[in-house]
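The file structure22.cif contains mmCIF, C-alpha atoms:
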```cif
data_start
#
loop_
_atom_site.label_atom_id
_atom_site.label_comp_id
_atom_site.auth_asym_id
_atom_site.auth_seq_id
_atom_site.Cartn_x
_atom_site.Cartn_y
_atom_site.Cartn_z
CA MET C 1 -4.24 19.69 -7.22
CA ILE C 2 -3.36 18.65 -3.69
CA ARG C 3 -5.94 16.71 -1.72
CA ILE C 4 -5.66 15.32 1.78
CA ILE C 5 -8.29 12.81 2.86
CA GLY C 6 -8.65 10.12 5.50
CA PRO C 7 -9.48 9.90 9.20
CA GLY C 8 -6.06 11.13 10.36
CA ALA C 9 -5.54 14.22 12.45
CA GLY C 10 -2.82 16.35 13.94
CA PHE C 11 -1.05 16.95 10.64
CA GLU C 12 -2.33 20.47 10.00
CA GLU C 13 0.81 21.56 8.19
CA LEU C 14 0.70 18.54 5.85
CA ASN C 15 -1.06 20.42 3.07
CA ASP C 16 1.43 23.28 3.16
CA PHE C 17 4.39 20.93 3.22
CA VAL C 18 3.13 18.90 0.24
CA ALA C 19 2.39 22.12 -1.67
CA ASP C 20 5.98 23.23 -1.04
CA VAL C 21 7.70 20.08 -2.24
CA ALA C 22 5.39 18.79 -5.00
CA GLU C 23 6.63 19.33 -8.54
CA ALA C 24 4.60 21.75 -10.63
CA GLY C 25 2.05 19.86 -12.69
CA CYS C 26 2.04 16.84 -10.39
CA ASP C 27 -1.21 16.17 -8.51
CA VAL C 28 -0.86 14.70 -5.04
CA LEU C 29 -3.43 12.76 -3.06
CA VAL C 30 -2.56 11.95 0.55
CA VAL C 31 -4.67 9.45 2.47
CA ASN C 32 -3.90 10.24 6.09
CA ALA C 33 -4.88 7.44 8.48
CA LEU C 34 -2.50 8.49 11.27
CA ARG C 35 -4.11 9.44 14.52
CA LYS C 36 -3.76 8.69 18.17
CA ASP C 37 -5.45 5.38 18.67
CA GLU C 38 -6.16 3.64 21.89
CA LYS C 39 -5.22 0.01 22.11
CA VAL C 40 -8.08 -2.27 23.07
CA GLY C 41 -7.77 -5.91 24.09
CA ILE C 42 -9.62 -8.39 21.87
CA ASP C 43 -12.17 -9.26 24.57
CA ASP C 44 -13.11 -5.61 25.07
CA LEU C 45 -13.22 -4.50 21.45
CA GLN C 46 -16.72 -3.22 20.77
CA ASP C 47 -18.65 -3.35 17.51
CA VAL C 48 -19.03 0.43 17.47
CA LEU C 49 -15.26 1.00 17.37
CA PHE C 50 -14.60 -1.87 14.96
CA ASP C 51 -17.33 -0.62 12.59
CA GLN C 52 -15.94 2.89 12.65
CA VAL C 53 -12.27 2.02 12.13
CA CYS C 54 -12.57 -1.08 9.95
CA VAL C 55 -15.72 -0.43 7.93
CA GLU C 56 -17.04 3.14 7.78
CA GLU C 57 -13.67 4.92 7.52
CA LEU C 58 -12.69 2.52 4.74
CA VAL C 59 -16.00 3.05 2.94
CA ASP C 60 -15.41 6.83 3.11
CA CYS C 61 -11.88 6.39 1.85
CA PHE C 62 -13.03 4.30 -1.13
CA ALA C 63 -15.72 6.88 -1.93
CA HIS C 64 -13.25 9.78 -1.85
CA ILE C 65 -10.76 7.93 -4.02
CA ALA C 66 -13.53 6.97 -6.47
CA THR C 67 -14.38 10.66 -6.87
CA ILE C 68 -10.89 12.10 -6.91
CA SER C 69 -8.88 9.50 -8.84
CA PRO C 70 -10.42 10.13 -12.29
CA GLU C 71 -9.36 13.79 -11.96
CA LEU C 72 -5.71 13.01 -11.22
CA ARG C 73 -3.37 13.80 -14.04
CA ASP C 74 -0.97 11.20 -15.43
CA GLY C 75 2.16 11.03 -13.31
CA SER C 76 0.38 12.00 -10.09
CA ARG C 77 1.36 10.63 -6.71
CA ILE C 78 -0.80 8.98 -4.08
CA ILE C 79 0.65 8.52 -0.61
CA PHE C 80 -1.06 6.57 2.17
CA LEU C 81 0.02 7.38 5.73
CA VAL C 82 -0.81 4.26 7.74
CA PRO C 83 -0.04 3.26 11.32
CA GLY C 84 2.82 0.79 11.70
CA ALA C 85 0.19 -1.31 13.46
CA PHE C 86 -0.57 -2.95 10.12
CA LEU C 87 2.05 -5.50 11.14
CA GLY C 88 -0.08 -6.49 14.12
CA GLY C 89 0.42 -6.21 17.85
CA VAL C 90 -1.27 -6.68 21.18
CA GLY C 91 -4.48 -4.69 21.53
CA CYS C 92 -4.30 -3.74 17.86
CA THR C 93 -6.92 -5.98 16.24
CA HIS C 94 -8.94 -3.06 14.89
CA LEU C 95 -5.88 -0.94 14.06
CA ALA C 96 -3.99 -3.73 12.31
CA THR C 97 -7.09 -4.72 10.36
CA SER C 98 -7.82 -1.21 9.11
CA ALA C 99 -4.18 -0.40 8.37
CA ALA C 100 -3.74 -3.69 6.47
CA MET C 101 -6.88 -2.91 4.47
CA LEU C 102 -5.39 0.44 3.45
CA VAL C 103 -2.15 -1.25 2.40
CA GLY C 104 -4.19 -3.73 0.34
CA LEU C 105 -6.09 -0.84 -1.23
CA ALA C 106 -2.84 1.01 -1.99
CA ARG C 107 -1.31 -2.04 -3.68
CA SER C 108 -4.43 -2.47 -5.81
CA LEU C 109 -4.44 1.18 -6.79
CA ALA C 110 -0.75 0.91 -7.69
CA LEU C 111 -1.65 -1.81 -10.21
CA GLU C 112 -4.83 -0.10 -11.38
CA PHE C 113 -3.17 3.28 -12.00
CA ALA C 114 0.22 2.03 -13.26
CA GLU C 115 -0.64 2.72 -16.88
CA ARG C 116 -1.41 6.34 -16.00
CA GLY C 117 2.01 6.68 -14.39
CA ILE C 118 0.41 7.33 -11.01
CA SER C 119 2.44 5.88 -8.17
CA VAL C 120 0.78 4.70 -4.96
CA ASN C 121 2.84 4.03 -1.84
CA CYS C 122 2.44 3.77 1.91
CA LEU C 123 4.46 5.39 4.66
CA ALA C 124 4.13 3.68 8.02
CA PRO C 125 5.69 5.60 10.90
CA GLY C 126 6.07 4.28 14.42
CA GLN C 127 3.80 5.28 17.27
CA ASP C 128 3.13 8.96 17.97
CA ALA C 129 5.17 10.11 14.97
CA LYS C 130 5.10 13.81 14.16
CA LEU C 131 5.01 15.12 10.62
CA ASP C 132 8.70 16.10 10.90
CA ALA C 133 9.59 12.43 11.27
CA ILE C 134 8.24 11.53 7.82
CA LYS C 135 8.79 14.72 5.81
CA GLY C 136 11.89 13.33 4.16
CA GLU C 137 10.09 10.23 2.92
CA ILE C 138 7.11 12.24 1.67
CA ALA C 139 9.47 14.54 -0.21
CA PHE C 140 11.28 11.54 -1.68
CA LEU C 141 8.07 9.96 -2.99
CA LEU C 142 7.13 13.28 -4.62
CA GLU C 143 10.45 13.58 -6.45
CA GLU C 144 10.47 12.97 -10.16
CA GLU C 145 13.17 10.34 -9.65
CA ALA C 146 10.83 8.29 -7.43
CA ALA C 147 8.26 7.81 -10.21
CA ASP C 148 9.03 4.11 -10.56
CA VAL C 149 8.55 3.34 -6.88
CA THR C 150 5.01 2.06 -6.49
CA GLY C 151 2.97 -0.38 -4.43
CA GLN C 152 5.50 -0.22 -1.57
CA VAL C 153 5.28 0.22 2.18
CA ILE C 154 8.10 2.13 3.87
CA LEU C 155 8.31 1.67 7.63
CA ILE C 156 9.77 4.71 9.37
CA ASP C 157 10.17 3.49 12.92
CA ARG C 158 13.91 3.32 13.68
CA GLY C 159 13.73 -0.46 13.41
CA GLU C 160 11.02 -0.80 16.03
CA ASN C 161 9.26 -3.44 13.96
CA LEU C 162 12.38 -5.60 13.95
CA SER C 163 12.70 -5.80 17.71
CA LEU C 164 11.99 -9.27 19.05
CA ARG C 165 11.98 -7.87 22.56
CA LYS C 166 8.72 -6.19 21.67
CA ALA C 167 7.20 -9.64 21.90
CA GLY C 168 6.96 -9.14 25.68
CA ARG C 169 3.62 -9.50 27.39
CA ARG C 170 1.90 -6.15 27.37
CA VAL C 171 -1.10 -5.24 29.42
CA VAL C 172 -3.88 -3.51 27.56
CA SER C 173 -7.09 -2.10 28.88
CA MET S 1 -12.11 -44.54 11.94
CA SER S 2 -8.33 -44.10 11.87
CA PRO S 3 -6.25 -45.22 14.87
CA ASP S 4 -5.55 -41.55 15.60
CA SER S 5 -9.20 -40.55 15.71
CA ARG S 6 -10.06 -43.65 17.77
CA LEU S 7 -7.52 -42.46 20.32
CA ARG S 8 -9.07 -38.99 20.23
CA ALA S 9 -12.52 -40.43 20.81
CA ARG S 10 -11.24 -41.98 24.03
CA SER S 11 -9.32 -38.94 25.22
CA GLY S 12 -12.01 -36.39 24.45
CA GLN S 13 -13.83 -35.32 21.34
CA ARG S 14 -12.40 -32.35 19.44
CA HIS S 15 -14.77 -29.81 17.94
CA ALA S 16 -14.28 -27.62 14.87
CA LEU S 17 -16.47 -24.72 13.78
CA ILE S 18 -16.42 -23.70 10.11
CA THR S 19 -18.24 -20.72 8.61
CA GLY S 20 -19.44 -20.72 5.01
CA ALA S 21 -19.46 -24.50 5.29
CA ALA S 22 -22.34 -25.32 2.94
CA ARG S 23 -20.24 -25.53 -0.19
CA GLY S 24 -16.90 -24.85 -1.84
CA ILE S 25 -13.77 -24.46 0.29
CA GLY S 26 -15.80 -24.42 3.53
CA LEU S 27 -17.46 -27.77 2.78
CA GLY S 28 -14.09 -29.21 1.75
CA ILE S 29 -12.63 -28.10 5.10
CA ALA S 30 -15.60 -29.52 7.03
CA ARG S 31 -15.22 -32.90 5.29
CA LYS S 32 -11.46 -33.00 5.88
CA LEU S 33 -11.70 -32.04 9.56
CA ALA S 34 -14.50 -34.61 10.00
CA SER S 35 -12.19 -37.27 8.60
CA ASP S 36 -9.49 -36.02 11.00
CA GLY S 37 -11.87 -36.94 13.83
CA TYR S 38 -13.34 -33.55 14.70
CA SER S 39 -16.98 -33.17 15.47
CA ILE S 40 -18.15 -30.49 13.02
CA ILE S 41 -20.21 -27.38 13.60
CA ALA S 42 -21.11 -26.12 10.13
CA LEU S 43 -22.33 -22.53 9.78
CA ASP S 44 -23.78 -20.96 6.65
CA HIS S 45 -26.28 -18.21 5.87
CA ASP S 46 -27.86 -20.38 3.17
CA SER S 47 -30.05 -22.87 5.07
CA GLU S 48 -31.03 -24.88 1.98
CA ALA S 49 -27.44 -25.34 0.86
CA LEU S 50 -26.52 -26.23 4.42
CA GLU S 51 -29.19 -28.96 4.52
CA ALA S 52 -27.92 -30.25 1.17
CA SER S 53 -24.33 -30.38 2.47
CA ALA S 54 -25.41 -32.73 5.27
CA ARG S 55 -25.08 -35.79 3.04
CA PHE S 56 -21.32 -35.14 2.75
CA LEU S 57 -20.84 -34.85 6.50
CA PRO S 58 -21.13 -37.24 9.46
CA ARG S 59 -24.61 -37.54 10.94
CA LYS S 60 -23.62 -35.94 14.25
CA THR S 61 -22.61 -32.71 12.47
CA ARG S 62 -24.37 -29.62 13.83
CA LEU S 63 -25.77 -27.45 11.06
CA ILE S 64 -26.42 -23.85 12.06
CA SER S 65 -27.94 -21.42 9.60
CA LEU S 66 -26.95 -17.83 10.41
CA ASP S 67 -25.39 -14.69 9.03
CA VAL S 68 -21.88 -14.16 10.47
CA THR S 69 -22.46 -10.40 10.60
CA ASP S 70 -25.39 -10.90 13.00
CA ARG S 71 -23.72 -10.54 16.42
CA GLU S 72 -26.76 -11.67 18.41
CA ALA S 73 -27.35 -14.77 16.30
CA VAL S 74 -23.66 -15.76 16.45
CA SER S 75 -23.53 -15.18 20.19
CA ALA S 76 -26.71 -17.16 20.89
CA SER S 77 -25.62 -20.10 18.73
CA LEU S 78 -22.05 -20.28 20.02
CA ASN S 79 -23.26 -20.18 23.62
CA GLN S 80 -24.84 -23.58 23.04
CA LEU S 81 -21.59 -25.18 21.88
CA PRO S 82 -18.95 -27.27 23.63
CA ALA S 83 -15.33 -26.09 23.84
CA LEU S 84 -13.87 -25.48 20.39
CA ASN S 85 -10.49 -26.76 19.22
CA ALA S 86 -10.58 -25.12 15.80
CA VAL S 87 -12.46 -22.15 14.36
CA VAL S 88 -12.26 -21.61 10.61
CA ASN S 89 -13.41 -18.23 9.30
CA ASN S 90 -14.17 -19.14 5.73
CA ALA S 91 -17.41 -17.28 4.94
CA GLY S 92 -16.75 -14.61 2.37
CA LEU S 93 -18.05 -12.73 -0.61
CA ALA S 94 -16.28 -12.17 -3.90
CA GLY S 95 -16.31 -8.63 -5.22
CA GLU S 96 -16.78 -7.63 -8.81
CA LEU S 97 -13.50 -6.87 -10.57
CA LEU S 98 -14.41 -3.22 -11.08
CA PRO S 99 -12.02 -0.25 -11.08
CA VAL S 100 -12.11 1.74 -7.85
CA ALA S 101 -13.98 4.63 -9.48
CA LYS S 102 -16.88 2.25 -10.24
CA LEU S 103 -17.26 0.78 -6.74
CA ASP S 104 -20.33 2.03 -4.93
CA PRO S 105 -20.14 2.53 -1.15
CA GLU S 106 -22.78 -0.09 -0.41
CA SER S 107 -20.86 -2.88 -2.18
CA VAL S 108 -17.66 -1.84 -0.36
CA ARG S 109 -19.48 -1.83 2.99
CA ARG S 110 -21.09 -5.21 2.33
CA ILE S 111 -17.84 -6.98 1.46
CA LEU S 112 -16.01 -5.49 4.47
CA LYS S 113 -18.87 -6.50 6.77
CA VAL S 114 -18.98 -10.12 5.64
CA ASN S 115 -15.29 -10.82 4.98
CA VAL S 116 -13.79 -8.85 7.88
CA LYS S 117 -16.40 -7.97 10.48
CA GLY S 118 -17.91 -11.46 10.23
CA ALA S 119 -14.56 -13.07 11.02
CA PHE S 120 -14.10 -10.66 13.93
CA ILE S 121 -17.52 -11.44 15.41
CA VAL S 122 -17.15 -15.21 15.09
CA SER S 123 -13.60 -15.18 16.54
CA GLN S 124 -14.54 -12.93 19.42
CA GLU S 125 -17.65 -14.95 20.28
CA ALA S 126 -15.69 -18.21 19.98
CA LEU S 127 -12.80 -17.13 22.21
CA PRO S 128 -14.52 -17.87 25.56
CA ARG S 129 -14.97 -21.45 24.29
CA MET S 130 -11.38 -21.86 23.09
CA LYS S 131 -8.83 -23.52 25.35
CA SER S 132 -5.08 -23.54 25.37
CA GLY S 133 -3.85 -25.35 22.25
CA SER S 134 -6.77 -24.40 20.02
CA ALA S 135 -6.46 -22.62 16.68
CA ILE S 136 -8.20 -20.01 14.55
CA ILE S 137 -7.70 -20.27 10.79
CA ASN S 138 -8.79 -17.42 8.53
CA ILE S 139 -9.36 -18.11 4.85
CA ALA S 140 -7.96 -15.07 3.05
CA SER S 141 -7.02 -15.04 -0.62
CA ARG S 142 -3.95 -14.61 -2.76
CA GLY S 143 -5.78 -11.45 -3.80
CA TYR S 144 -4.77 -9.82 -0.51
CA LEU S 145 -1.51 -8.93 -2.20
CA GLY S 146 -3.33 -6.56 -4.56
CA GLY S 147 -4.90 -6.67 -7.99
CA ALA S 148 -6.01 -4.32 -10.72
CA GLY S 149 -9.76 -4.23 -10.08
CA GLY S 150 -11.82 -5.37 -7.11
CA ALA S 151 -9.91 -3.24 -4.60
CA HIS S 152 -12.70 -3.76 -2.04
CA TYR S 153 -12.17 -7.54 -2.12
CA VAL S 154 -8.39 -7.04 -1.91
CA ALA S 155 -8.77 -4.67 1.05
CA SER S 156 -11.09 -7.11 2.83
CA LYS S 157 -8.66 -10.00 2.48
CA ALA S 158 -5.66 -7.83 3.40
CA GLY S 159 -7.63 -6.75 6.48
CA LEU S 160 -8.21 -10.38 7.39
CA VAL S 161 -4.46 -10.98 7.21
CA GLY S 162 -3.81 -7.91 9.40
CA MET S 163 -6.39 -9.19 11.88
CA THR S 164 -4.67 -12.58 11.85
CA ARG S 165 -1.34 -11.04 12.86
CA ALA S 166 -2.81 -8.82 15.59
CA MET S 167 -4.92 -11.57 17.13
CA ALA S 168 -2.00 -14.00 16.96
CA ALA S 169 0.19 -11.54 18.88
CA GLU S 170 -2.41 -11.07 21.57
CA LEU S 171 -3.62 -14.65 21.88
CA ARG S 172 -0.19 -16.28 22.03
CA TRP S 173 -0.34 -15.87 25.83
CA ARG S 174 -3.48 -17.99 25.89
CA LYS S 175 -1.74 -20.51 23.61
CA ILE S 176 -4.34 -19.93 20.92
CA ARG S 177 -2.79 -19.81 17.47
CA VAL S 178 -4.16 -17.67 14.64
CA ASN S 179 -3.10 -18.21 11.04
CA ALA S 180 -4.40 -17.47 7.57
CA VAL S 181 -4.46 -19.41 4.32
CA ALA S 182 -4.43 -17.42 1.09
CA PRO S 183 -5.63 -19.66 -1.75
CA GLY S 184 -5.19 -18.84 -5.41
CA MET S 185 -7.78 -19.97 -7.95
CA VAL S 186 -10.04 -22.64 -6.45
CA GLU S 187 -12.90 -24.55 -8.07
CA THR S 188 -15.85 -22.90 -6.32
CA ARG S 189 -18.93 -20.81 -7.07
CA MET S 190 -16.72 -17.73 -7.09
CA LEU S 191 -15.61 -18.81 -10.59
CA GLU S 192 -19.17 -18.88 -11.90
CA GLY S 193 -18.90 -15.30 -13.14
CA PHE S 194 -16.33 -16.34 -15.74
CA THR S 195 -17.15 -17.70 -19.20
CA PRO S 196 -15.60 -21.14 -19.88
CA LYS S 197 -13.09 -19.46 -22.18
CA MET S 198 -12.06 -16.89 -19.56
CA LYS S 199 -11.84 -19.57 -16.90
CA ALA S 200 -9.62 -21.73 -19.10
CA ALA S 201 -7.36 -18.75 -19.81
CA LEU S 202 -7.05 -18.02 -16.09
CA GLU S 203 -6.33 -21.66 -15.32
CA ARG S 204 -3.43 -21.61 -17.76
CA LEU S 205 -1.83 -18.85 -15.66
CA GLU S 206 -1.78 -21.11 -12.58
CA PRO S 207 1.45 -23.05 -12.05
CA GLU S 208 -0.66 -26.22 -11.75
CA GLY S 209 -2.46 -25.34 -14.97
CA ARG S 210 -5.83 -25.65 -13.26
CA ALA S 211 -7.97 -24.33 -10.43
CA ALA S 212 -7.25 -26.08 -7.13
CA ASP S 213 -9.79 -28.41 -5.54
CA PRO S 214 -11.25 -27.32 -2.18
CA GLU S 215 -9.69 -30.51 -0.72
CA GLU S 216 -6.24 -29.13 -1.50
CA ILE S 217 -6.93 -26.08 0.67
CA ALA S 218 -8.58 -28.25 3.34
CA GLY S 219 -5.36 -30.22 3.83
CA ILE S 220 -3.52 -27.01 4.75
CA VAL S 221 -6.27 -26.02 7.18
CA SER S 222 -6.08 -29.49 8.73
CA PHE S 223 -2.34 -28.96 9.31
CA LEU S 224 -2.87 -25.49 10.83
CA ALA S 225 -5.57 -26.86 13.15
CA SER S 226 -3.38 -29.74 14.29
CA ASP S 227 -0.60 -29.95 16.85
CA ALA S 228 1.82 -30.52 13.96
CA SER S 229 1.75 -26.74 13.51
CA LYS S 230 1.80 -25.78 17.16
CA LEU S 231 4.80 -23.48 16.69
CA ILE S 232 3.16 -21.60 13.82
CA SER S 233 1.11 -18.49 14.56
CA GLY S 234 0.44 -15.15 12.91
CA GLN S 235 1.38 -16.51 9.50
CA VAL S 236 -0.28 -16.40 6.13
CA LEU S 237 0.30 -19.45 3.96
CA LEU S 238 -0.07 -18.66 0.28
CA ALA S 239 -1.60 -21.73 -1.32
CA ASP S 240 -1.35 -21.04 -5.03
CA GLY S 241 1.47 -23.15 -6.37
CA GLY S 242 3.76 -20.11 -6.30
CA LYS S 243 1.78 -17.90 -8.72
CA SER S 244 1.94 -15.01 -6.27
CA LEU S 245 5.72 -14.92 -6.67
CA GLY S 246 4.92 -13.12 -9.91
CA THR S 247 7.55 -12.82 -12.57
CA MET S 248 10.64 -12.79 -10.42
CA PRO S 249 13.11 -10.53 -12.23
CA TYR S 250 16.30 -12.19 -11.02
#
```
Mind turning this structure into structure tokens?
Amino acid sequence: MIRIIGPGAGFEELNDFVADVAEAGCDVLVVNALRKDEKVGIDDLQDVLFDQVCVEELVDCFAHIATISPELRDGSRIIFLVPGAFLGGVGCTHLATSAAMLVGLARSLALEFAERGISVNCLAPGQDAKLDAIKGEIAFLLEEEAADVTGQVILIDRGENLSLRKAGRRVVS
Amino acid sequence: MSPDSRLRARSGQRHALITGAARGIGLGIARKLASDGYSIIALDHDSEALEASARFLPRKTRLISLDVTDREAVSASLNQLPALNAVVNNAGLAGELLPVAKLDPESVRRILKVNVKGAFIVSQEALPRMKSGSAIINIASRGYLGGAGGAHYVASKAGLVGMTRAMAAELRWRKIRVNAVAPGMVETRMLEGFTPKMKAALERLEPEGRAADPEEIAGIVSFLASDASKLISGQVLLADGGKSLGTMPY
């Protein structure tokens, strides 16, 4: 079984790619939360957007996982695709909050499903990443040899998150 | 009155707003910040408990009964307030320690609304009243790191930490600091769900061998609200005696 859930978009070939690389007999659940998100300054952030990104999308995600997870076979893999914004950033209050929630959820699931041999990890690409940029890491997490990697977040951003120069004042809408 | 607070009284009264202040960690923080010389604005949704907390707080304390998820109520109340030097987002719900498959959408929504959206609303409404040098302190939980069971609570507290980092990045230009404290086991109503035997077993797992007192968390909040921490922003201080280090393998 291969299931792709989450509010993400623009990754149409994700299902095909996962089907290609997943080992036979290994179920894969991908929670895709990558999409093009507008930055919004804290003073202008409206309840409607916050509720959608930080409450309702999470509620949906929990509901999907509640339904799907009991059907996953032992040794399955769960991969969360989350925006690198979980580390924070200017104009990212809603994005950082929702991404951090997904990371928290993933870490909990890693503990909850450990005895079933189900690994749960997060891939966090930089801004505007295409599927090609993270295929290698997806394939790695689906390998049999990666079974013991769980509860981790892998940033795939060419070191963007390490750059102190990014601390510069940035204007947001 | 300490010499420090006497000086403050001359140079201008400081004001601190605390949510979930009627009991537990919130009341501990309110008492500590009052003793630091702040004038306290205590918010809680439970009006009776809030009235009862008054005897632990200075007479000039403002008690405001409201639900932090009610934007209009928060906005109307905060509009009446003087400039704020410290805002402490402490109001929160504990979630049942259920496996994810047993969590119903309404309980997930409720915990995210109170623990995350509530902190967002209060912070956003407080910002116009916060000057350079003021501080927001979010009370998260050691649980933000993950746990088997109660994933909705974990996600809510992890979200609060993410919000802390994002707001800190944005507000540094206004010289408003945003930090989080992540307590471990604390002696509050959240422990009421445990039998005495379970509670004792959990306390043995704490490095201190006991649940912390709210006062022990309040001291950290006092530091993060004060100028002594003026270089610290966007951080989460784990306040659990080191339990969250887990069983370090090396």
*asked:* Here's the selection I'm unsure about, the PyMOL selection byres ((chain C) within 6 of (chain S)); applied to the file above, which residues does it give, as a list in words?
replied: Val59, Ala66, Phe86, Gly88, Gly89, Val90, Cys92, Thr93, Ala96, Thr97, Ala100, Met101, Gly104, Leu105, Arg107, Ser108, Leu111 and Glu112 of chain C
_Shell around Ala201 of chain S at 12 Å using all atoms listed in the file, local window under 5 positions removed, as a ChimeraX atom specification_ = /S:185,194-196,206,209-211
_Given the PyMOL selection byres ((chain S and resi 17-33) around 6) and the file above, list the residues it selects as a ChimeraX atom specification._
/S:16,34-36,38,41-44,49-50,53,87-91,188,214-215,218
Written selection (C-alpha atoms) as a CSV table (one decimal), in the frame of the given file:
```csv
chain,number,residue,atom,x,y,z
S,16,ALA,CA,-14.3,-27.6,14.9
S,34,ALA,CA,-14.5,-34.6,10.0
S,35,SER,CA,-12.2,-37.3,8.6
S,36,ASP,CA,-9.5,-36.0,11.0
S,38,TYR,CA,-13.3,-33.6,14.7
S,41,ILE,CA,-20.2,-27.4,13.6
S,42,ALA,CA,-21.1,-26.1,10.1
S,43,LEU,CA,-22.3,-22.5,9.8
S,44,ASP,CA,-23.8,-21.0,6.6
S,49,ALA,CA,-27.4,-25.3,0.9
S,50,LEU,CA,-26.5,-26.2,4.4
S,53,SER,CA,-24.3,-30.4,2.5
S,87,VAL,CA,-12.5,-22.2,14.4
S,88,VAL,CA,-12.3,-21.6,10.6
S,89,ASN,CA,-13.4,-18.2,9.3
S,90,ASN,CA,-14.2,-19.1,5.7
S,91,ALA,CA,-17.4,-17.3,4.9
S,188,THR,CA,-15.8,-22.9,-6.3
S,214,PRO,CA,-11.2,-27.3,-2.2
S,215,GLU,CA,-9.7,-30.5,-0.7
S,218,ALA,CA,-8.6,-28.2,3.3
```
The PyMOL selection byres ((chain C and resi 49) around 12) on the file shown: which residues, as a short mmCIF file (atom, residue, chain, number, x, y, z; two decimals) with C-alpha atoms, in the frame of the given file?
```cif
data_model
loop_
_atom_site.label_atom_id
_atom_site.label_comp_id
_atom_site.auth_asym_id
_atom_site.auth_seq_id
_atom_site.Cartn_x
_atom_site.Cartn_y
_atom_site.Cartn_z
CA ASP C 37 -5.45 5.38 18.67
CA GLU C 38 -6.16 3.64 21.89
CA LYS C 39 -5.22 0.01 22.11
CA VAL C 40 -8.08 -2.27 23.07
CA ILE C 42 -9.62 -8.39 21.87
CA ASP C 44 -13.11 -5.61 25.07
CA LEU C 45 -13.22 -4.50 21.45
CA GLN C 46 -16.72 -3.22 20.77
CA ASP C 47 -18.65 -3.35 17.51
CA VAL C 48 -19.03 0.43 17.47
CA PHE C 50 -14.60 -1.87 14.96
CA ASP C 51 -17.33 -0.62 12.59
CA GLN C 52 -15.94 2.89 12.65
CA VAL C 53 -12.27 2.02 12.13
CA CYS C 54 -12.57 -1.08 9.95
CA VAL C 55 -15.72 -0.43 7.93
CA GLU C 56 -17.04 3.14 7.78
CA GLU C 57 -13.67 4.92 7.52
CA CYS C 92 -4.30 -3.74 17.86
CA THR C 93 -6.92 -5.98 16.24
CA HIS C 94 -8.94 -3.06 14.89
CA LEU C 95 -5.88 -0.94 14.06
CA SER C 98 -7.82 -1.21 9.11
CA LYS S 117 -16.40 -7.97 10.48
#
```
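Of note, atom CA of Phe80 of chain C and atom CA of Glu145 of chain C are spaced 18.9 Å apart.
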*Identify, on the basis of only C-alpha atoms, every residue whose closest approach to segment 152-155 of chain C does not exceed 10 Å; exclude the query and any residue fewer than 2 positions from it along the same chain; express the result as a PyMOL selection string.*
chain C and resi 79-84+103+106-107+110+119-126+134+137+149-150+157-161
_Separation of atom CA of Gly8 of chain C from atom CA of Ser76 of chain C in Å_ = 21.5 Å
*Which distance in Å separates atom CA of Ile118 of chain C and atom CA of Pro70 of chain C, to one decimal?*
11.3 Å
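Proximity to Asn179 of chain S at 8 Å, evaluated using only C-alpha atoms and with sequence-adjacent residues fewer than 4 positions away removed, yields Ala135, Ile136, Ile137, Asn138, Thr164, Arg165, Ala168, Leu224, Ile232, Ser233, Gly234, Gln235, Val236 and Leu237 of chain S.
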*Looking at all atoms listed in the file, which of S:Ala94, S:Asp67, S:Gly37, S:Lys243 is the one that sits closest to Arg204 of chain S?*
S:Lys243
